[in-house]
>>> print(open('entry.cif').read())   # mmCIF, C-alpha atoms and all ligand atoms
data_target
#
loop_
_atom_site.label_atom_id
_atom_site.label_comp_id
_atom_site.auth_asym_id
_atom_site.auth_seq_id
_atom_site.Cartn_x
_atom_site.Cartn_y
_atom_site.Cartn_z
CA MET A 150 -42.33 -69.01 -67.02
CA GLU A 151 -40.53 -68.62 -63.68
CA PHE A 152 -42.38 -69.34 -60.43
CA PHE A 153 -41.43 -66.32 -58.28
CA THR A 154 -41.50 -63.75 -61.11
CA SER A 155 -44.97 -64.97 -62.10
CA LEU A 156 -46.19 -64.75 -58.51
CA GLU A 157 -44.85 -61.21 -58.19
CA LYS A 158 -46.77 -60.22 -61.32
CA ILE A 159 -50.00 -61.80 -60.00
CA LEU A 160 -49.53 -60.10 -56.61
CA LYS A 161 -49.11 -56.73 -58.33
CA THR A 162 -52.15 -57.17 -60.59
CA GLN A 163 -54.80 -54.71 -59.47
CA ASP A 164 -57.78 -55.81 -61.53
CA THR A 165 -59.59 -58.53 -59.59
CA GLU A 166 -60.78 -60.51 -62.63
CA GLU A 167 -57.36 -60.29 -64.28
CA LYS A 168 -55.63 -61.49 -61.09
CA ILE A 169 -57.91 -64.53 -60.87
CA THR A 170 -57.40 -65.41 -64.56
CA GLU A 171 -53.62 -65.01 -64.24
CA PHE A 172 -53.63 -67.24 -61.16
CA SER A 173 -55.57 -70.03 -62.83
CA LEU A 174 -53.14 -70.07 -65.80
CA PHE A 175 -50.19 -70.02 -63.40
CA TYR A 176 -51.66 -72.76 -61.21
CA LYS A 177 -52.27 -74.98 -64.22
CA ALA A 178 -48.65 -74.46 -65.34
CA TYR A 179 -47.53 -75.28 -61.76
CA HIS A 180 -49.52 -78.54 -61.75
CA ASP A 181 -48.20 -79.41 -65.21
CA LYS A 182 -44.64 -78.82 -63.93
CA GLN A 183 -44.02 -76.19 -66.60
CA LEU A 184 -42.48 -73.61 -64.24
CA SER A 185 -38.82 -73.02 -63.49
CA PHE A 186 -37.72 -71.98 -59.97
CA TYR A 187 -35.11 -69.32 -59.39
CA HIS A 188 -34.91 -69.33 -55.58
CA ASP A 189 -32.02 -66.87 -55.37
CA SER A 190 -33.92 -63.79 -56.57
CA SER A 191 -35.04 -61.45 -53.76
CA PRO A 192 -38.69 -60.82 -52.94
CA ILE A 193 -39.84 -57.21 -52.80
CA VAL A 194 -41.79 -55.67 -49.92
CA PHE A 195 -45.09 -54.29 -51.16
CA THR A 196 -45.97 -50.76 -50.12
CA SER A 197 -49.65 -50.72 -51.07
CA PRO A 198 -52.25 -53.48 -51.38
CA SER A 199 -53.31 -54.67 -54.82
CA TYR A 200 -56.93 -53.60 -54.16
CA ALA A 201 -55.95 -49.93 -53.67
CA LYS A 202 -57.65 -48.92 -56.92
CA THR A 203 -60.70 -51.16 -56.49
CA CYS A 204 -61.64 -50.07 -52.98
CA ARG A 205 -61.32 -46.85 -51.01
CA ILE A 206 -59.00 -47.61 -48.09
CA VAL A 207 -59.84 -45.91 -44.79
CA ASP A 208 -58.80 -46.27 -41.17
CA ALA A 209 -60.37 -49.42 -39.65
CA ARG A 210 -61.92 -47.30 -36.86
CA VAL A 211 -64.17 -45.40 -39.29
CA ILE A 212 -65.61 -48.50 -41.02
CA PRO A 213 -69.34 -48.56 -40.18
CA LYS A 214 -70.43 -51.25 -37.70
CA ARG A 215 -72.47 -53.99 -39.34
CA THR A 216 -75.40 -54.06 -36.96
CA ALA A 217 -78.42 -53.58 -39.23
CA LEU A 218 -78.60 -57.10 -40.60
CA SER A 219 -82.36 -56.74 -41.17
CA THR A 220 -81.69 -54.50 -44.19
CA THR A 221 -80.23 -55.49 -47.57
CA LYS A 222 -77.54 -52.84 -47.19
CA GLY A 223 -76.60 -54.18 -43.74
CA LYS A 224 -76.16 -57.69 -45.08
CA ALA A 225 -74.29 -56.34 -48.12
CA LEU A 226 -71.92 -54.49 -45.77
CA LEU A 227 -71.27 -57.74 -43.89
CA ILE A 228 -70.67 -59.81 -46.99
CA HIS A 229 -68.52 -57.01 -48.47
CA ALA A 230 -66.34 -57.16 -45.35
CA ILE A 231 -66.00 -60.93 -45.83
CA ALA A 232 -65.28 -60.48 -49.55
CA HIS A 233 -62.52 -58.07 -48.56
CA ILE A 234 -61.01 -60.53 -46.08
CA GLU A 235 -61.11 -63.26 -48.73
CA TYR A 236 -59.59 -60.99 -51.37
CA SER A 237 -56.84 -59.95 -48.99
CA ALA A 238 -56.32 -63.62 -48.13
CA ILE A 239 -55.66 -64.44 -51.82
CA ASP A 240 -52.69 -62.07 -51.78
CA LEU A 241 -51.57 -63.28 -48.35
CA ALA A 242 -51.40 -66.92 -49.48
CA LEU A 243 -49.64 -65.93 -52.72
CA ASP A 244 -47.24 -63.79 -50.72
CA HIS A 245 -46.29 -66.77 -48.49
CA ALA A 246 -45.42 -68.77 -51.63
CA TYR A 247 -43.63 -65.78 -53.20
CA ARG A 248 -41.62 -64.55 -50.23
CA PHE A 249 -40.13 -67.70 -48.74
CA ARG A 250 -37.50 -69.36 -50.89
CA HIS A 251 -35.73 -72.71 -50.78
CA MET A 252 -38.73 -74.28 -49.08
CA PRO A 253 -39.91 -77.88 -49.60
CA GLN A 254 -42.34 -78.39 -52.48
CA LYS A 255 -45.16 -79.06 -50.00
CA PHE A 256 -44.89 -75.43 -48.80
CA TYR A 257 -45.67 -74.11 -52.28
CA ASP A 258 -48.36 -76.79 -52.83
CA ASP A 259 -50.04 -75.78 -49.58
CA TRP A 260 -50.19 -72.01 -50.09
CA LEU A 261 -51.22 -72.19 -53.73
CA GLU A 262 -54.02 -74.54 -52.69
CA VAL A 263 -55.06 -71.99 -50.05
CA ALA A 264 -54.95 -69.16 -52.64
CA GLU A 265 -57.29 -71.22 -54.82
CA ASP A 266 -59.69 -71.68 -51.87
CA GLU A 267 -59.58 -67.94 -51.10
CA ILE A 268 -60.42 -67.13 -54.72
CA ARG A 269 -63.45 -69.40 -54.48
CA HIS A 270 -64.50 -67.77 -51.19
CA PHE A 271 -64.10 -64.31 -52.72
CA LEU A 272 -66.15 -65.26 -55.77
CA LEU A 273 -68.96 -66.67 -53.58
CA CYS A 274 -69.14 -63.35 -51.69
CA GLU A 275 -68.84 -61.28 -54.86
CA ALA A 276 -71.71 -63.20 -56.50
CA LEU A 277 -73.90 -62.48 -53.47
CA LEU A 278 -73.01 -58.79 -53.61
CA LYS A 279 -73.83 -58.61 -57.32
CA GLN A 280 -77.18 -60.33 -56.80
CA HIS A 281 -78.13 -57.45 -54.51
CA GLY A 282 -76.84 -54.57 -56.61
CA TYR A 283 -73.39 -54.18 -55.03
CA HIS A 284 -69.86 -55.18 -55.98
CA TYR A 285 -66.41 -55.47 -54.43
CA GLY A 286 -65.48 -51.82 -53.95
CA SER A 287 -69.01 -50.61 -53.09
CA PHE A 288 -67.93 -49.89 -49.52
CA ASP A 289 -64.81 -48.62 -47.79
CA VAL A 290 -62.23 -51.12 -46.56
CA HIS A 291 -59.21 -51.15 -44.25
CA ALA A 292 -55.74 -52.46 -45.07
CA PHE A 293 -55.13 -54.24 -41.76
CA LEU A 294 -54.34 -57.69 -43.19
CA PHE A 295 -52.02 -56.25 -45.81
CA ASP A 296 -50.21 -54.08 -43.25
CA VAL A 297 -49.71 -57.05 -40.92
CA SER A 298 -48.45 -59.25 -43.75
CA GLN A 299 -45.78 -56.75 -44.75
CA LYS A 300 -44.73 -56.44 -41.11
CA SER A 301 -44.17 -60.19 -40.78
CA LEU A 302 -41.47 -60.91 -43.31
CA ASP A 303 -39.67 -63.89 -41.76
CA LEU A 304 -41.18 -67.35 -42.06
CA LEU A 305 -41.64 -68.01 -38.35
CA THR A 306 -43.43 -64.71 -37.66
CA ARG A 307 -45.50 -64.88 -40.83
CA MET A 308 -46.80 -68.40 -40.14
CA ALA A 309 -47.53 -67.52 -36.51
CA VAL A 310 -49.26 -64.24 -37.26
CA VAL A 311 -51.14 -64.78 -40.52
CA PRO A 312 -52.45 -68.33 -40.95
CA ARG A 313 -52.14 -69.45 -37.33
CA HIS A 314 -53.39 -66.30 -35.62
CA LEU A 315 -55.46 -64.19 -38.03
CA GLU A 316 -57.07 -67.07 -39.90
CA ALA A 317 -57.75 -68.81 -36.58
CA SER A 318 -59.47 -65.62 -35.38
CA GLY A 319 -61.70 -66.01 -38.43
CA LEU A 320 -62.74 -69.44 -37.06
CA ASP A 321 -63.95 -67.63 -33.92
CA ALA A 322 -65.70 -64.77 -35.75
CA ASN A 323 -67.50 -66.87 -38.35
CA PRO A 324 -69.96 -68.77 -36.05
CA GLN A 325 -70.81 -65.50 -34.31
CA MET A 326 -71.78 -63.94 -37.64
CA ILE A 327 -73.82 -67.03 -38.54
CA GLN A 328 -75.64 -66.74 -35.21
CA LYS A 329 -76.50 -63.07 -35.81
CA LEU A 330 -77.67 -63.79 -39.35
CA SER A 331 -79.82 -66.74 -38.25
CA LYS A 332 -82.22 -64.29 -36.57
CA HIS A 333 -83.20 -63.17 -40.08
CA HIS A 334 -85.13 -65.46 -42.37
CA ASP A 335 -84.92 -63.76 -45.78
CA SER A 336 -83.16 -65.40 -48.74
CA PHE A 337 -80.18 -63.03 -48.59
CA ALA A 338 -79.54 -63.92 -44.94
CA LYS A 339 -79.83 -67.65 -45.76
CA ALA A 340 -77.37 -67.29 -48.67
CA CYS A 341 -74.94 -65.40 -46.41
CA ILE A 342 -75.14 -68.21 -43.84
CA SER A 343 -74.48 -70.90 -46.42
CA THR A 344 -71.46 -68.94 -47.76
CA LEU A 345 -70.10 -68.48 -44.24
CA GLU A 346 -70.57 -72.19 -43.49
CA THR A 347 -68.59 -73.16 -46.60
CA ILE A 348 -65.83 -70.72 -45.65
CA LEU A 349 -65.67 -71.97 -42.04
CA LYS A 350 -65.39 -75.59 -43.13
CA GLU A 351 -62.52 -74.83 -45.51
CA GLU A 352 -60.65 -72.33 -43.32
CA VAL A 353 -59.79 -75.02 -40.75
CA SER A 354 -57.34 -76.50 -43.26
CA HIS A 355 -55.68 -73.09 -43.75
CA VAL A 356 -55.01 -72.81 -40.03
CA GLN A 357 -53.80 -76.44 -40.03
CA LYS A 358 -51.29 -75.54 -42.74
CA GLY A 359 -50.22 -72.50 -40.74
CA ASP A 360 -49.80 -74.73 -37.68
CA TYR A 361 -47.69 -77.24 -39.64
CA TRP A 362 -45.36 -74.59 -41.13
CA PHE A 363 -45.13 -72.61 -37.90
CA LYS A 364 -43.94 -75.74 -36.08
CA TRP A 365 -41.65 -76.58 -39.02
CA ALA A 366 -40.08 -73.09 -38.78
CA CYS A 367 -39.76 -73.47 -34.98
CA GLN A 368 -37.86 -76.71 -35.45
CA ARG A 369 -35.61 -75.24 -38.14
CA GLU A 370 -34.80 -72.20 -36.03
CA GLY A 371 -34.63 -73.95 -32.66
CA VAL A 372 -37.55 -71.96 -31.25
CA ASP A 373 -39.94 -73.43 -28.69
CA PRO A 374 -43.45 -73.56 -30.27
CA GLU A 375 -44.81 -72.61 -26.83
CA LYS A 376 -43.44 -69.12 -27.55
CA TYR A 377 -46.26 -68.76 -30.10
CA PHE A 378 -48.21 -65.97 -28.41
CA ASP A 379 -45.02 -64.04 -27.62
CA ILE A 380 -44.12 -64.14 -31.31
CA VAL A 381 -47.61 -62.97 -32.32
CA GLU A 382 -47.66 -60.25 -29.63
CA LYS A 383 -44.60 -58.59 -31.18
CA VAL A 384 -46.64 -57.79 -34.31
CA LEU A 385 -50.12 -57.72 -32.80
CA PRO A 386 -50.03 -56.56 -29.18
CA GLY A 387 -53.02 -57.88 -27.21
CA ALA A 388 -53.21 -61.19 -29.11
CA LYS A 389 -52.91 -63.14 -25.86
CA LYS A 390 -55.89 -61.42 -24.19
CA LYS A 391 -58.90 -63.57 -23.28
CA LYS A 392 -61.54 -63.47 -25.99
CA PRO A 393 -65.32 -63.41 -25.59
CA PHE A 394 -65.68 -66.47 -27.85
CA VAL A 395 -63.16 -68.96 -29.12
CA ASN A 396 -64.07 -71.75 -31.55
CA VAL A 397 -62.29 -74.33 -29.40
CA LYS A 398 -63.24 -77.36 -31.51
CA ALA A 399 -62.17 -75.84 -34.83
CA ARG A 400 -58.94 -74.51 -33.35
CA GLN A 401 -58.12 -77.88 -31.80
CA LYS A 402 -58.73 -79.54 -35.16
CA ALA A 403 -56.32 -77.02 -36.67
CA GLY A 404 -53.54 -77.86 -34.20
CA PHE A 405 -54.02 -75.68 -31.10
CA SER A 406 -53.48 -77.43 -27.77
CA CYS A 407 -55.76 -76.92 -24.75
CA LYS A 408 -52.78 -75.43 -22.95
CA GLU A 409 -52.56 -72.70 -25.59
CA LEU A 410 -56.31 -72.21 -25.80
CA ARG A 411 -56.60 -71.71 -22.05
CA LEU A 412 -54.47 -68.59 -22.47
CA ILE A 413 -57.17 -66.98 -24.62
CA THR A 414 -60.40 -68.51 -23.28
CA ASP A 415 -62.13 -69.77 -20.15
CA GLN A 416 -64.28 -72.09 -22.29
CA GLU A 417 -63.94 -75.80 -21.73
CA CYS A 418 -61.21 -77.64 -23.64
CA GLN A 419 -60.58 -81.39 -23.58
CA GLU A 420 -57.52 -82.94 -25.24
FE FE A 501 -61.17 -67.84 -47.04
FE FE A 502 -58.07 -68.71 -45.35
#
>>> encode(input="entry.cif", output="structure tokens", more="lines below")
Ligand SMILES: [Fe+2]
Ligand SMILES: [Fe+2]
Amino acid sequence: MEFFTSLEKILKTQDTEEKITEFSLFYKAYHDKQLSFYHDSSPIVFTSPSYAKTCRIVDARVIPKRTALSTTKGKALLIHAIAHIEYSAIDLALDHAYRFRHMPQKFYDDWLEVAEDEIRHFLLCEALLKQHGYHYGSFDVHAFLFDVSQKSLDLLTRMAVVPRHLEASGLDANPQMIQKLSKHHDSFAKACISTLETILKEEVSHVQKGDYWFKWACQREGVDPEKYFDIVEKVLPGAKKKKPFVNVKARQKAGFSCKELRLITDQECQE
């Protein structure tokens, strides 16, 4: 079993259950040091996301707003959106490990560990959906995360844009969703909150890993890490704009400096 060939196969697998089973067999073989590494093969660029047959992909602008959290369907829509982020994040983490070759072992350890976390997050959301008569694929999704990942194909850009920017944005969005849900006291809302809390706690380490490898890539390529937002802006224009809410504490824990955070928020930040 070869590491990169196996990852490519898992990334291409469209059936969600099959992908998760394949990953756990692969991850066990990785831990047991049963995999060979052929770093000189070339990674392919994917043209469609692996969930294209599970979910109907639409333009992000036509996805319904998740405002009606008092209804079961409203909460299902919210948790479906999270399930979709988590599912996309499985492929993103696997793609980091697949795409970048000749990296230190820790790089592969880190992103496979993240993929395992994302699988757990996805399964938590999927279980909640199933309990309420829905499943992954019940609602339309957008392919934003996939599109961004395949537009950031060098290590420096990928680490800046995906784990250090997009996953950090998740740290900001998560407490806001928890706050909206906490106005509702039904068991579904409570279960959504507990799932979101678990995800928030674990996502900090994903951003931390992104921070570590972004700075590692900066050092290797002689790039000033302070150019971070300029790098992100090239793929995601507007990334440097001030945001209504930034999870300053979680972002600091994940490696952001106050100097950087002041570019995107007026909230207080103490080193
Ligand atoms: Fe996650
Ligand atoms: Fe994550």
>>> residues_around(input="entry.cif", residues="Ser155 in chain A", least_positions_apart="4", cutoff="10 Å", atoms="all atoms listed in the file", output="VMD selection string")
chain A and resid 150 to 151 159 to 161 171 to 172 175 184 247
>>> residues_near_ligand(input="entry.cif", ligand="ligand FE 501 (chain A)", cutoff="6 Å", atoms="all atoms listed in the file", output="PyMOL selection string")
chain A and resi 235+267+270+348+352
>>> closest_atom_pairs(input="entry.cif", of="chain A", to="ligand FE 502 (chain A)", cutoff="12 Å", atoms="only C-alpha atoms and all ligand atoms", output="JSON lines")
{"residue": "A:Ile231", "atom": "CA", "partner": "A:FE502", "partner_atom": "FE", "distance": 11.1}
{"residue": "A:Ala232", "atom": "CA", "partner": "A:FE502", "partner_atom": "FE", "distance": 11.7}
{"residue": "A:His233", "atom": "CA", "partner": "A:FE502", "partner_atom": "FE", "distance": 12.0}
{"residue": "A:Ile234", "atom": "CA", "partner": "A:FE502", "partner_atom": "FE", "distance": 8.7}
{"residue": "A:Glu235", "atom": "CA", "partner": "A:FE502", "partner_atom": "FE", "distance": 7.1}
{"residue": "A:Tyr236", "atom": "CA", "partner": "A:FE502", "partner_atom": "FE", "distance": 9.9}
{"residue": "A:Ser237", "atom": "CA", "partner": "A:FE502", "partner_atom": "FE", "distance": 9.6}
{"residue": "A:Ala238", "atom": "CA", "partner": "A:FE502", "partner_atom": "FE", "distance": 6.1}
{"residue": "A:Ile239", "atom": "CA", "partner": "A:FE502", "partner_atom": "FE", "distance": 8.1}
{"residue": "A:Asp240", "atom": "CA", "partner": "A:FE502", "partner_atom": "FE", "distance": 10.7}
{"residue": "A:Leu241", "atom": "CA", "partner": "A:FE502", "partner_atom": "FE", "distance": 9.0}
{"residue": "A:Ala242", "atom": "CA", "partner": "A:FE502", "partner_atom": "FE", "distance": 8.0}
{"residue": "A:Leu243", "atom": "CA", "partner": "A:FE502", "partner_atom": "FE", "distance": 11.5}
{"residue": "A:Asp259", "atom": "CA", "partner": "A:FE502", "partner_atom": "FE", "distance": 11.5}
{"residue": "A:Trp260", "atom": "CA", "partner": "A:FE502", "partner_atom": "FE", "distance": 9.8}
{"residue": "A:Leu261", "atom": "CA", "partner": "A:FE502", "partner_atom": "FE", "distance": 11.4}
{"residue": "A:Glu262", "atom": "CA", "partner": "A:FE502", "partner_atom": "FE", "distance": 10.2}
{"residue": "A:Val263", "atom": "CA", "partner": "A:FE502", "partner_atom": "FE", "distance": 6.5}
{"residue": "A:Ala264", "atom": "CA", "partner": "A:FE502", "partner_atom": "FE", "distance": 7.9}
{"residue": "A:Glu265", "atom": "CA", "partner": "A:FE502", "partner_atom": "FE", "distance": 9.8}
{"residue": "A:Asp266", "atom": "CA", "partner": "A:FE502", "partner_atom": "FE", "distance": 7.3}
{"residue": "A:Glu267", "atom": "CA", "partner": "A:FE502", "partner_atom": "FE", "distance": 6.0}
{"residue": "A:Ile268", "atom": "CA", "partner": "A:FE502", "partner_atom": "FE", "distance": 9.8}
{"residue": "A:Arg269", "atom": "CA", "partner": "A:FE502", "partner_atom": "FE", "distance": 10.6}
{"residue": "A:His270", "atom": "CA", "partner": "A:FE502", "partner_atom": "FE", "distance": 8.7}
{"residue": "A:Phe271", "atom": "CA", "partner": "A:FE502", "partner_atom": "FE", "distance": 10.5}
{"residue": "A:Leu294", "atom": "CA", "partner": "A:FE502", "partner_atom": "FE", "distance": 11.8}
{"residue": "A:Val311", "atom": "CA", "partner": "A:FE502", "partner_atom": "FE", "distance": 9.3}
{"residue": "A:Pro312", "atom": "CA", "partner": "A:FE502", "partner_atom": "FE", "distance": 7.1}
{"residue": "A:Arg313", "atom": "CA", "partner": "A:FE502", "partner_atom": "FE", "distance": 10.0}
{"residue": "A:His314", "atom": "CA", "partner": "A:FE502", "partner_atom": "FE", "distance": 11.1}
{"residue": "A:Leu315", "atom": "CA", "partner": "A:FE502", "partner_atom": "FE", "distance": 9.0}
{"residue": "A:Glu316", "atom": "CA", "partner": "A:FE502", "partner_atom": "FE", "distance": 5.8}
{"residue": "A:Ala317", "atom": "CA", "partner": "A:FE502", "partner_atom": "FE", "distance": 8.8}
{"residue": "A:Ser318", "atom": "CA", "partner": "A:FE502", "partner_atom": "FE", "distance": 10.5}
{"residue": "A:Gly319", "atom": "CA", "partner": "A:FE502", "partner_atom": "FE", "distance": 8.3}
{"residue": "A:Leu320", "atom": "CA", "partner": "A:FE502", "partner_atom": "FE", "distance": 9.5}
{"residue": "A:Asn323", "atom": "CA", "partner": "A:FE502", "partner_atom": "FE", "distance": 11.9}
{"residue": "A:Thr347", "atom": "CA", "partner": "A:FE502", "partner_atom": "FE", "distance": 11.5}
{"residue": "A:Ile348", "atom": "CA", "partner": "A:FE502", "partner_atom": "FE", "distance": 8.0}
{"residue": "A:Leu349", "atom": "CA", "partner": "A:FE502", "partner_atom": "FE", "distance": 8.9}
{"residue": "A:Lys350", "atom": "CA", "partner": "A:FE502", "partner_atom": "FE", "distance": 10.3}
{"residue": "A:Glu351", "atom": "CA", "partner": "A:FE502", "partner_atom": "FE", "distance": 7.6}
{"residue": "A:Glu352", "atom": "CA", "partner": "A:FE502", "partner_atom": "FE", "distance": 4.9}
{"residue": "A:Val353", "atom": "CA", "partner": "A:FE502", "partner_atom": "FE", "distance": 8.0}
{"residue": "A:Ser354", "atom": "CA", "partner": "A:FE502", "partner_atom": "FE", "distance": 8.1}
{"residue": "A:His355", "atom": "CA", "partner": "A:FE502", "partner_atom": "FE", "distance": 5.2}
{"residue": "A:Val356", "atom": "CA", "partner": "A:FE502", "partner_atom": "FE", "distance": 7.4}
{"residue": "A:Gln357", "atom": "CA", "partner": "A:FE502", "partner_atom": "FE", "distance": 10.3}
{"residue": "A:Lys358", "atom": "CA", "partner": "A:FE502", "partner_atom": "FE", "distance": 10.0}
{"residue": "A:Gly359", "atom": "CA", "partner": "A:FE502", "partner_atom": "FE", "distance": 9.9}
>>> write_last_selection(input="entry.cif", atoms="C-alpha atoms", output="CSV table (one decimal), in the frame of the given file")
chain,number,residue,atom,x,y,z
A,231,ILE,CA,-66.0,-60.9,-45.8
A,232,ALA,CA,-65.3,-60.5,-49.6
A,233,HIS,CA,-62.5,-58.1,-48.6
A,234,ILE,CA,-61.0,-60.5,-46.1
A,235,GLU,CA,-61.1,-63.3,-48.7
A,236,TYR,CA,-59.6,-61.0,-51.4
A,237,SER,CA,-56.8,-60.0,-49.0
A,238,ALA,CA,-56.3,-63.6,-48.1
A,239,ILE,CA,-55.7,-64.4,-51.8
A,240,ASP,CA,-52.7,-62.1,-51.8
A,241,LEU,CA,-51.6,-63.3,-48.4
A,242,ALA,CA,-51.4,-66.9,-49.5
A,243,LEU,CA,-49.6,-65.9,-52.7
A,259,ASP,CA,-50.0,-75.8,-49.6
A,260,TRP,CA,-50.2,-72.0,-50.1
A,261,LEU,CA,-51.2,-72.2,-53.7
A,262,GLU,CA,-54.0,-74.5,-52.7
A,263,VAL,CA,-55.1,-72.0,-50.0
A,264,ALA,CA,-55.0,-69.2,-52.6
A,265,GLU,CA,-57.3,-71.2,-54.8
A,266,ASP,CA,-59.7,-71.7,-51.9
A,267,GLU,CA,-59.6,-67.9,-51.1
A,268,ILE,CA,-60.4,-67.1,-54.7
A,269,ARG,CA,-63.4,-69.4,-54.5
A,270,HIS,CA,-64.5,-67.8,-51.2
A,271,PHE,CA,-64.1,-64.3,-52.7
A,294,LEU,CA,-54.3,-57.7,-43.2
A,311,VAL,CA,-51.1,-64.8,-40.5
A,312,PRO,CA,-52.4,-68.3,-41.0
A,313,ARG,CA,-52.1,-69.4,-37.3
A,314,HIS,CA,-53.4,-66.3,-35.6
A,315,LEU,CA,-55.5,-64.2,-38.0
A,316,GLU,CA,-57.1,-67.1,-39.9
A,317,ALA,CA,-57.8,-68.8,-36.6
A,318,SER,CA,-59.5,-65.6,-35.4
A,319,GLY,CA,-61.7,-66.0,-38.4
A,320,LEU,CA,-62.7,-69.4,-37.1
A,323,ASN,CA,-67.5,-66.9,-38.4
A,347,THR,CA,-68.6,-73.2,-46.6
A,348,ILE,CA,-65.8,-70.7,-45.6
A,349,LEU,CA,-65.7,-72.0,-42.0
A,350,LYS,CA,-65.4,-75.6,-43.1
A,351,GLU,CA,-62.5,-74.8,-45.5
A,352,GLU,CA,-60.6,-72.3,-43.3
A,353,VAL,CA,-59.8,-75.0,-40.8
A,354,SER,CA,-57.3,-76.5,-43.3
A,355,HIS,CA,-55.7,-73.1,-43.8
A,356,VAL,CA,-55.0,-72.8,-40.0
A,357,GLN,CA,-53.8,-76.4,-40.0
A,358,LYS,CA,-51.3,-75.5,-42.7
A,359,GLY,CA,-50.2,-72.5,-40.7
>>> closest_residue(input="entry.cif", among="A:Gln163, A:Lys222, A:Gly387, A:Lys408", to="Phe288 in chain A", atoms="all atoms listed in the file")
A:Lys222
>>> residues_around(input="entry.cif", residues="Glu417 in chain A", least_positions_apart="2", cutoff="10 Å", atoms="all atoms listed in the file", output="mmCIF file with C-alpha atoms, keeping the file's coordinate frame")
data_model
loop_
_atom_site.group_PDB
_atom_site.id
_atom_site.type_symbol
_atom_site.label_atom_id
_atom_site.label_comp_id
_atom_site.auth_asym_id
_atom_site.auth_seq_id
_atom_site.Cartn_x
_atom_site.Cartn_y
_atom_site.Cartn_z
ATOM 1 C CA VAL A 397 -62.290 -74.330 -29.400
ATOM 2 C CA LYS A 398 -63.240 -77.360 -31.510
ATOM 3 C CA CYS A 407 -55.760 -76.920 -24.750
ATOM 4 C CA LEU A 410 -56.310 -72.210 -25.800
ATOM 5 C CA ARG A 411 -56.600 -71.710 -22.050
ATOM 6 C CA THR A 414 -60.400 -68.510 -23.280
ATOM 7 C CA ASP A 415 -62.130 -69.770 -20.150
ATOM 8 C CA GLN A 419 -60.580 -81.390 -23.580
#
>>> closest_residue(input="entry.cif", among="A:Leu218, A:Ile169, A:Val211, A:Ile193", to="Asp335 in chain A", atoms="all atoms listed in the file")
A:Leu218
>>> atom_distance(input="entry.cif", atom1="CA of Leu174 in chain A", atom2="CA of Tyr200 in chain A")
20.5 Å
>>> closest_residue(input="entry.cif", among="A:Phe378, A:Tyr257, A:Tyr285, A:Tyr187", to="Arg205 in chain A", atoms="all atoms listed in the file")
A:Tyr285
>>> atom_distance(input="entry.cif", atom1="CA of Phe153 in chain A", atom2="CA of His251 in chain A")
11.4 Å
>>> atom_distance(input="entry.cif", atom1="CA of Ala366 in chain A", atom2="CA of Leu305 in chain A")
5.3 Å
>>> residues_around(input="entry.cif", residues="Val381 in chain A", least_positions_apart="3", cutoff="12 Å", atoms="all atoms listed in the file", output="number ranges by chain")
A: 297, 300-301, 305-315, 363, 374-378, 384-390
>>> closest_atom_pairs(input="entry.cif", of="range 298-413 of chain A", to="range 188-192 of chain A", cutoff="12 Å", atoms="only C-alpha atoms", output="tab-separated table")
residue	atom	partner	partner_atom	distance
A:Gln299	CA	A:Pro192	CA	11.6
A:Leu302	CA	A:Pro192	CA	10.0
A:Asp303	CA	A:Pro192	CA	11.6
